[in-house]
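K.L.:
File work_25.txt below, compact mmCIF, C-alpha atoms:
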# COMPACT_ATOMS: atom_id res chain seq x y z
CA MET A 1 -2.95 -1.06 -23.62
CA ASP A 2 -4.21 -2.87 -26.64
CA VAL A 3 -5.92 -6.19 -26.97
CA GLU A 4 -5.97 -8.38 -30.06
CA TYR A 5 -8.69 -11.00 -30.52
CA LYS A 6 -8.29 -13.89 -32.90
CA THR A 7 -10.62 -16.81 -33.42
CA VAL A 8 -9.14 -20.12 -34.55
CA ARG A 9 -11.94 -22.66 -35.06
CA ASN A 10 -13.66 -22.90 -31.67
CA THR A 11 -10.88 -21.18 -29.75
CA LEU A 12 -10.58 -17.49 -28.95
CA VAL A 13 -7.04 -16.18 -28.56
CA VAL A 14 -6.75 -12.96 -26.59
CA ARG A 15 -3.37 -11.24 -26.87
CA VAL A 16 -2.94 -8.50 -24.34
CA LYS A 17 -0.27 -5.81 -24.35
CA GLY A 18 0.67 -3.41 -21.57
CA GLU A 19 -0.81 -3.08 -18.10
CA LEU A 20 -3.87 -5.14 -17.16
CA ASP A 21 -5.69 -3.07 -14.54
CA MET A 22 -9.23 -1.74 -14.02
CA LEU A 23 -8.88 0.73 -16.89
CA ILE A 24 -9.17 -2.05 -19.46
CA ALA A 25 -10.53 -4.95 -17.40
CA ASP A 26 -14.24 -4.13 -17.85
CA LYS A 27 -13.99 -3.48 -21.57
CA MET A 28 -11.96 -6.63 -22.09
CA ARG A 29 -14.43 -8.72 -20.12
CA GLN A 30 -17.37 -7.45 -22.19
CA GLU A 31 -15.53 -7.96 -25.46
CA ILE A 32 -14.47 -11.53 -24.60
CA ASP A 33 -17.96 -12.47 -23.38
CA ARG A 34 -19.54 -11.07 -26.54
CA ARG A 35 -17.18 -13.06 -28.73
CA LEU A 36 -17.62 -16.24 -26.69
CA GLU A 37 -21.41 -16.03 -27.04
CA GLU A 38 -21.69 -14.85 -30.64
CA ASN A 39 -19.30 -17.35 -32.15
CA SER A 40 -20.12 -20.29 -29.87
CA ILE A 41 -16.50 -20.52 -28.89
CA LYS A 42 -15.53 -23.15 -26.35
CA ASN A 43 -11.87 -22.61 -25.59
CA LEU A 44 -9.94 -19.56 -24.57
CA ILE A 45 -6.24 -18.70 -24.67
CA PHE A 46 -4.93 -15.65 -22.81
CA ASN A 47 -1.58 -14.62 -24.25
CA LEU A 48 0.05 -12.47 -21.56
CA GLU A 49 3.51 -12.41 -23.14
CA LYS A 50 3.44 -8.61 -23.48
CA VAL A 51 1.70 -7.83 -20.20
CA THR A 52 3.97 -5.88 -17.86
CA PHE A 53 1.60 -5.49 -14.92
CA ILE A 54 -1.49 -7.22 -13.55
CA ASP A 55 -3.58 -6.55 -10.44
CA SER A 56 -6.76 -8.05 -9.01
CA SER A 57 -8.93 -6.37 -11.67
CA GLY A 58 -7.00 -8.23 -14.36
CA LEU A 59 -7.05 -11.47 -12.38
CA GLY A 60 -10.82 -11.04 -12.01
CA VAL A 61 -11.27 -11.05 -15.80
CA ILE A 62 -9.19 -14.23 -16.13
CA ILE A 63 -10.89 -16.15 -13.32
CA GLY A 64 -14.36 -15.04 -14.45
CA ARG A 65 -13.70 -16.26 -18.01
CA TYR A 66 -12.36 -19.53 -16.58
CA LYS A 67 -15.70 -20.09 -14.85
CA LYS A 68 -17.59 -19.30 -18.07
CA VAL A 69 -15.48 -21.53 -20.28
CA SER A 70 -15.55 -24.38 -17.75
CA ALA A 71 -19.33 -24.17 -17.55
CA VAL A 72 -19.56 -25.18 -21.22
CA SER A 73 -16.81 -27.81 -20.82
CA GLY A 74 -14.32 -25.66 -22.71
CA ARG A 75 -10.65 -25.39 -21.90
CA MET A 76 -8.63 -22.36 -20.98
CA PHE A 77 -4.90 -21.65 -21.07
CA ILE A 78 -2.57 -18.84 -20.13
CA VAL A 79 0.55 -18.43 -22.21
CA GLY A 80 3.72 -16.38 -22.03
CA ALA A 81 3.31 -14.89 -18.55
CA LYS A 82 6.58 -13.47 -17.28
CA ASN A 83 7.47 -11.75 -14.02
CA PRO A 84 6.02 -9.81 -12.32
CA VAL A 85 2.81 -11.13 -13.91
CA GLU A 86 3.74 -14.80 -13.50
CA LYS A 87 4.45 -14.27 -9.81
CA ILE A 88 1.04 -12.70 -9.22
CA LEU A 89 -0.71 -15.50 -11.13
CA HIS A 90 0.97 -18.00 -8.81
CA PHE A 91 0.27 -15.95 -5.72
CA SER A 92 -3.43 -15.79 -6.55
CA GLY A 93 -3.60 -19.54 -7.18
CA ILE A 94 -4.90 -19.11 -10.75
CA ASN A 95 -2.12 -21.38 -11.96
CA ARG A 96 -3.74 -24.25 -10.09
CA LEU A 97 -6.93 -23.81 -12.15
CA VAL A 98 -5.65 -22.64 -15.50
CA PRO A 99 -2.70 -24.43 -17.13
CA MET A 100 0.16 -22.10 -18.02
CA TYR A 101 2.43 -22.53 -21.02
CA SER A 102 5.29 -20.52 -22.40
CA SER A 103 3.92 -20.00 -25.92
CA GLU A 104 0.84 -20.47 -28.10
CA GLN A 105 2.81 -23.04 -30.08
CA ASP A 106 3.02 -25.25 -26.97
CA ILE A 107 -0.77 -25.52 -26.91
CA ILE A 108 -1.09 -26.27 -30.61
CA ASN A 109 1.37 -29.12 -30.06
CA LEU A 110 -0.66 -30.60 -27.21
CA MET Y 1 -4.46 16.42 5.86
CA GLU Y 2 -3.61 17.84 9.31
CA THR Y 3 -4.97 14.76 11.04
CA SER Y 4 -2.76 12.41 9.03
CA LEU Y 5 0.34 14.52 9.64
CA LYS Y 6 -0.20 14.71 13.39
CA GLY Y 7 1.27 11.34 14.25
CA TRP Y 8 4.35 11.79 12.10
CA GLU Y 9 7.75 11.90 13.67
CA ILE Y 10 8.92 14.60 11.34
CA MET Y 11 12.58 14.10 12.26
CA SER Y 12 12.78 10.59 10.82
CA ILE Y 13 11.16 11.44 7.51
CA VAL Y 14 13.73 11.67 4.75
CA ASN Y 15 11.35 12.55 1.96
CA TYR Y 16 7.64 12.56 1.26
CA VAL Y 17 5.16 13.08 -1.53
CA HIS Y 18 1.52 14.07 -1.16
CA PHE Y 19 -0.84 14.19 -4.11
CA GLU Y 20 -4.53 13.97 -4.92
CA PHE Y 21 -6.52 13.15 -8.02
CA PRO Y 22 -10.10 12.38 -9.09
CA SER Y 23 -11.40 8.80 -9.02
CA LEU Y 24 -10.78 8.10 -12.71
CA PRO Y 25 -9.58 4.62 -13.81
CA GLU Y 26 -6.85 6.37 -15.85
CA ASN Y 27 -5.29 7.55 -12.59
CA VAL Y 28 -4.70 4.05 -11.18
CA SER Y 29 -1.70 3.61 -13.45
CA PHE Y 30 -0.50 7.15 -12.74
CA ALA Y 31 -0.70 6.64 -8.97
CA ARG Y 32 1.22 3.35 -8.90
CA SER Y 33 3.91 4.61 -11.30
CA CYS Y 34 4.31 7.75 -9.22
CA VAL Y 35 4.71 5.88 -5.91
CA GLY Y 36 6.92 3.27 -7.61
CA ALA Y 37 9.26 5.98 -8.87
CA PHE Y 38 9.30 7.64 -5.46
CA VAL Y 39 10.12 4.39 -3.62
CA SER Y 40 13.00 3.64 -5.99
CA GLN Y 41 14.99 6.23 -3.98
CA LEU Y 42 15.34 3.56 -1.29
CA ASN Y 43 17.60 1.53 -3.56
CA CYS Y 44 15.27 -1.42 -3.23
CA THR Y 45 14.96 -4.23 -5.77
CA LEU Y 46 12.78 -4.13 -8.88
CA ASP Y 47 10.67 -6.86 -7.28
CA ASP Y 48 10.09 -4.59 -4.28
CA ILE Y 49 8.98 -1.77 -6.57
CA GLU Y 50 6.63 -4.08 -8.46
CA GLU Y 51 5.06 -5.16 -5.17
CA ILE Y 52 4.56 -1.56 -4.06
CA LYS Y 53 3.00 -0.73 -7.43
CA LEU Y 54 0.58 -3.63 -7.01
CA VAL Y 55 -0.34 -2.48 -3.51
CA VAL Y 56 -1.04 1.08 -4.72
CA SER Y 57 -3.06 -0.28 -7.64
CA GLU Y 58 -5.24 -2.33 -5.28
CA ALA Y 59 -5.75 0.52 -2.82
CA VAL Y 60 -6.65 3.07 -5.50
CA SER Y 61 -8.88 0.61 -7.40
CA ASN Y 62 -10.76 -0.02 -4.14
CA CYS Y 63 -11.37 3.73 -3.78
CA ILE Y 64 -12.79 3.99 -7.30
CA ILE Y 65 -14.80 0.76 -7.40
CA HIS Y 66 -16.05 0.51 -3.82
CA ALA Y 67 -15.76 3.91 -2.10
CA TYR Y 68 -17.01 5.95 -5.07
CA GLU Y 69 -18.90 3.12 -6.85
CA ASN Y 70 -17.21 3.99 -10.16
CA ARG Y 71 -18.12 7.68 -10.04
CA SER Y 72 -15.30 9.84 -11.37
CA ASP Y 73 -15.85 12.90 -9.15
CA GLY Y 74 -14.39 11.50 -5.93
CA LYS Y 75 -11.16 12.70 -4.40
CA ILE Y 76 -8.33 10.27 -3.69
CA GLU Y 77 -5.28 11.34 -1.69
CA ILE Y 78 -1.94 9.60 -1.42
CA ILE Y 79 0.81 10.40 1.04
CA ALA Y 80 4.02 8.41 0.78
CA SER Y 81 6.92 9.02 3.13
CA LEU Y 82 10.37 7.50 3.34
CA ARG Y 83 12.04 7.27 6.71
CA ASP Y 84 15.68 7.11 7.69
CA ASP Y 85 15.31 3.43 8.66
CA ARG Y 86 14.56 2.64 4.97
CA SER Y 87 10.88 2.22 5.56
CA LEU Y 88 7.95 3.38 3.50
CA GLU Y 89 4.72 4.65 4.97
CA LEU Y 90 1.83 4.95 2.57
CA THR Y 91 -1.62 6.42 3.16
CA VAL Y 92 -4.39 6.07 0.58
CA LYS Y 93 -7.47 8.05 1.52
CA ASP Y 94 -10.90 8.55 0.02
CA TYR Y 95 -14.03 10.45 1.04
CA GLY Y 96 -16.46 7.85 -0.25
CA LYS Y 97 -19.13 5.63 1.25
CA GLY Y 98 -16.90 3.85 3.76
CA ILE Y 99 -16.69 0.15 4.58
CA GLU Y 100 -19.70 -1.06 6.54
CA ASN Y 101 -18.35 -4.43 7.57
CA LEU Y 102 -14.58 -4.21 7.79
CA GLU Y 103 -14.13 -7.74 9.12
CA GLN Y 104 -15.97 -9.14 6.10
CA ALA Y 105 -14.11 -6.88 3.66
CA LEU Y 106 -10.77 -8.15 4.98
CA GLN Y 107 -11.57 -11.83 4.45
CA PRO Y 108 -9.55 -13.35 1.62
CA SER Y 109 -11.71 -14.02 -1.46
CA TYR Y 110 -14.57 -11.87 -0.17
CA SER Y 111 -15.87 -9.31 -2.64
CA SER Y 112 -19.07 -7.30 -2.77
CA ASP Y 113 -18.78 -7.64 -6.57
CA PRO Y 114 -19.15 -11.17 -8.05
CA ASN Y 115 -16.86 -10.22 -10.95
CA ARG Y 116 -13.94 -9.64 -8.64
CA MET Y 117 -11.65 -12.03 -6.78
CA GLY Y 118 -11.55 -10.26 -3.44
CA LEU Y 119 -7.77 -10.16 -3.47
CA GLY Y 120 -7.19 -6.43 -2.96
CA PHE Y 121 -6.68 -6.37 0.80
CA THR Y 122 -4.96 -9.78 0.67
CA PHE Y 123 -2.32 -8.35 -1.68
CA MET Y 124 -1.93 -5.24 0.48
CA LYS Y 125 -1.47 -7.32 3.62
CA SER Y 126 0.86 -9.82 1.99
CA PHE Y 127 3.25 -7.34 0.43
CA MET Y 128 3.40 -4.86 3.30
CA ASP Y 129 4.51 -5.34 6.91
CA GLU Y 130 1.59 -3.47 8.44
CA MET Y 131 -1.88 -2.46 7.31
CA ASP Y 132 -4.24 -0.30 9.28
CA ILE Y 133 -7.68 0.70 8.01
CA SER Y 134 -9.94 3.36 9.44
CA SER Y 135 -13.34 3.79 7.87
CA GLN Y 136 -16.47 5.79 8.65
CA PRO Y 137 -19.73 5.16 6.79
CA GLN Y 138 -20.48 8.06 4.41
CA GLU Y 139 -17.23 9.80 5.37
CA GLY Y 140 -14.54 7.69 3.81
CA THR Y 141 -11.74 5.25 4.30
CA SER Y 142 -8.06 5.66 5.01
CA VAL Y 143 -5.63 2.80 4.50
CA LEU Y 144 -2.23 3.08 6.16
CA LEU Y 145 0.45 0.72 4.89
CA LYS Y 146 4.00 0.31 6.11
CA ARG Y 147 6.96 -1.62 4.89
CA ASN Y 148 10.50 -1.74 6.03
CA PHE Y 149 12.95 -2.64 3.29
CA LEU Y 150 15.85 -3.18 5.66
CA ASN Y 151 14.02 -6.01 7.43
CA ARG Y 152 13.10 -7.60 4.15
CA ASP Y 153 16.76 -7.57 3.09
CA ARG Y 154 17.77 -9.24 6.32
CA GLN Y 155 15.13 -11.93 5.88
CA ALA Y 156 16.16 -12.49 2.29
CA TYR Y 157 19.81 -13.02 3.16
CA ALA Y 158 19.28 -14.80 6.46
If you took the structure in this file and wrote it as structure tokens, what would it be?
P.N.:
Amino acid sequence: MDVEYKTVRNTLVVRVKGELDMLIADKMRQEIDRRLEENSIKNLIFNLEKVTFIDSSGLGVIIGRYKKVSAVSGRMFIVGAKNPVEKILHFSGINRLVPMYSSEQDIINL
Amino acid sequence: METSLKGWEIMSIVNYVHFEFPSLPENVSFARSCVGAFVSQLNCTLDDIEEIKLVVSEAVSNCIIHAYENRSDGKIEIIASLRDDRSLELTVKDYGKGIENLEQALQPSYSSDPNRMGLGFTFMKSFMDEMDISSQPQEGTSVLLKRNFLNRDRQAYA
């Protein structure tokens, strides 16, 4: 699993690769929170294009960051989720809170 | 393991796997891949296998996070058996602190940890046909999960 972090103006883009389970969830949460606070970032994009598996530990990171970002009136997006990840995101209801798009480009065009 | 094997109707078991490992986060991925590969013998769909992998991931994560409170020296056991009616029976067992309030733990969205969504048991229940939990404080928890792939096929094509 590797995670790439990229800041574009006041938006943090998190590109995740591999399996999003408890092994990386805690580290990822700490790293995102640190970056959100240090750089006064408002918006967050989770790029899950290369994620092949997600369980409730991974969903916990996403929903927790959604609460954080929303608390400062920021916006959050999920991009590129494919099955089986997309199915789990729908099953958990996260898609009703966090808008999902097929690529990062789609958000830039908004 | 004798107690878990007692109730088995040995005749109907086509194949089984029994393994144990310490409560390390690295082993969550190992456990689900292992059971996923084992279940693929049933000729089920890739979606089925993904669902089983998710269920194993949730059960094993629960052992590490809740039963052993993130200690890495706990023992987790998995027994998976395939039966001649194309069903899977899965037991995930720990020797950790046990679940004090099972009713509360089973409620969707309940979690003892504010950073978590409380979806573990919900996923297990949703993707399996049966779930049975036995837990003793300070002794451990055993989660028994069953799923029949033949029935699912019938539902899917009905």
K.L.:
When distances are computed from only C-alpha atoms, which of A:Gly74, A:Ile54, A:Leu97, A:Lys17 shows the smallest separation from Val28 (chain Y)?
P.N.:
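Of A:Gly74, A:Ile54, A:Leu97, A:Lys17, the one nearest Val28 (chain Y), counting only C-alpha atoms, is A:Ile54.
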K.L.:
Can you list, as a PyMOL selection string, every protein, DNA or RNA residue that comes within 8 Å of region 34-41 of chain Y when you count all atoms listed in the file, leaving out same-chain residues fewer than 3 positions away?
P.N.:
chain Y and resi 17+30-31+44+49-50+52-53+56+80+82+88
K.L.:
Only C-alpha atoms, please: the residues just picked out, written as a PDB file, in the coordinates of the input.
P.N.:
ATOM      1  CA  VAL Y  17       5.160  13.080  -1.530  1.00  0.00           C
ATOM      2  CA  PHE Y  30      -0.500   7.150 -12.740  1.00  0.00           C
ATOM      3  CA  ALA Y  31      -0.700   6.640  -8.970  1.00  0.00           C
ATOM      4  CA  CYS Y  44      15.270  -1.420  -3.230  1.00  0.00           C
ATOM      5  CA  ILE Y  49       8.980  -1.770  -6.570  1.00  0.00           C
ATOM      6  CA  GLU Y  50       6.630  -4.080  -8.460  1.00  0.00           C
ATOM      7  CA  ILE Y  52       4.560  -1.560  -4.060  1.00  0.00           C
ATOM      8  CA  LYS Y  53       3.000  -0.730  -7.430  1.00  0.00           C
ATOM      9  CA  VAL Y  56      -1.040   1.080  -4.720  1.00  0.00           C
ATOM     10  CA  ALA Y  80       4.020   8.410   0.780  1.00  0.00           C
ATOM     11  CA  LEU Y  82      10.370   7.500   3.340  1.00  0.00           C
ATOM     12  CA  LEU Y  88       7.950   3.380   3.500  1.00  0.00           C
TER      13      LEU Y  88
END
K.L.:
Once you count all atoms listed in the file, which residues of chain Y turn out to be within 12 Å of chain A? Could you give them as a PyMOL selection string?
P.N.:
chain Y and resi 23-30+32-33+46-65+70+108-109+111+113-124+126-127
K.L.:
So which residues fall inside 9 Å of (-4.6, -8.3, -25.1) if we count only C-alpha atoms? Mind giving them as a list in words?
P.N.:
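Using only C-alpha atoms, the matching residues come out as Met1, Asp2, Val3, Glu4, Tyr5, Val13, Val14, Arg15, Val16, Lys17, Gly18, Leu20, Met28, Phe46, Asn47, Leu48, Lys50 and Val51 of chain A.
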K.L.:
Would you pick out the contacts of Ile41 (chain A) at 7 Å or less, using only C-alpha atoms, so that residues sharing its chain but fewer than 5 positions from it are not included, and give the list as a list in words?
P.N.:
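Non-adjacent residues within range: Asn10, Thr11, Leu12 and Leu36 of chain A.
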K.L.:
Which polymer residues have any atom within 10 Å of an atom of Glu100 (chain Y), counting only C-alpha atoms, with same-chain residues fewer than 3 positions away left out, as a list in words?
P.N.:
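Residues meeting the cut-off are Lys97, Glu103, Gln104, Ala105, Ser135, Gln136, Pro137 and Gln138 of chain Y.
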K.L.:
Could you dump the residues just selected with C-alpha atoms as a compact mmCIF listing (two decimals), keeping the file's coordinate frame?
P.N.:
# COMPACT_ATOMS: atom_id res chain seq x y z
CA LYS Y 97 -19.13 5.63 1.25
CA GLU Y 103 -14.13 -7.74 9.12
CA GLN Y 104 -15.97 -9.14 6.10
CA ALA Y 105 -14.11 -6.88 3.66
CA SER Y 135 -13.34 3.79 7.87
CA GLN Y 136 -16.47 5.79 8.65
CA PRO Y 137 -19.73 5.16 6.79
CA GLN Y 138 -20.48 8.06 4.41
K.L.:
Quick one: distance from CA of Val69 (chain A) to CA of Tyr101 (chain A) in Å, one decimal?
P.N.:
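If I compute the distance from CA of Val69 (chain A) to CA of Tyr101 (chain A), I get 18.0 Å.
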K.L.:
I'd like the neighbourhood of Glu77 (chain Y) as a list in words, where a residue qualifies if any of its atoms comes within 9 Å (using only C-alpha atoms), though same-chain residues fewer than 5 positions away should be ignored.
P.N.:
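Answer for this query is His18, Phe19, Glu20, Phe21, Pro22, Thr91, Val92, Lys93 and Asp94 of chain Y.
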K.L.:
Using Å and a single decimal, report how far CA of Ser134 (chain Y) sits from CA of Ser87 (chain Y).
P.N.:
21.2 Å
K.L.:
Mind giving me the straight-line distance from CA of Val79 (chain A) to CA of Glu104 (chain A) in Å, one decimal?
P.N.:
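Between CA of Val79 (chain A) and CA of Glu104 (chain A) the gap is 6.2 Å.
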K.L.:
Identify the residues around (-4.0, -22.2, -25.2) within a radius of 7 Å, measuring from only C-alpha atoms in the coordinates stated by the file, and give them as a ChimeraX atom specification.
P.N.:
/A:44-45,76-79,104,107
K.L.:
Using 6 Å of padding on each side, determine the axis-aligned box around all atoms of region 5-20 of chain A present in the file and give its centre and edge lengths in Å to one decimal, as JSON.
P.N.:
{"center_x": -6.5, "center_y": -13.0, "center_z": -26.1, "size_x": 26.3, "size_y": 31.8, "size_z": 29.9}
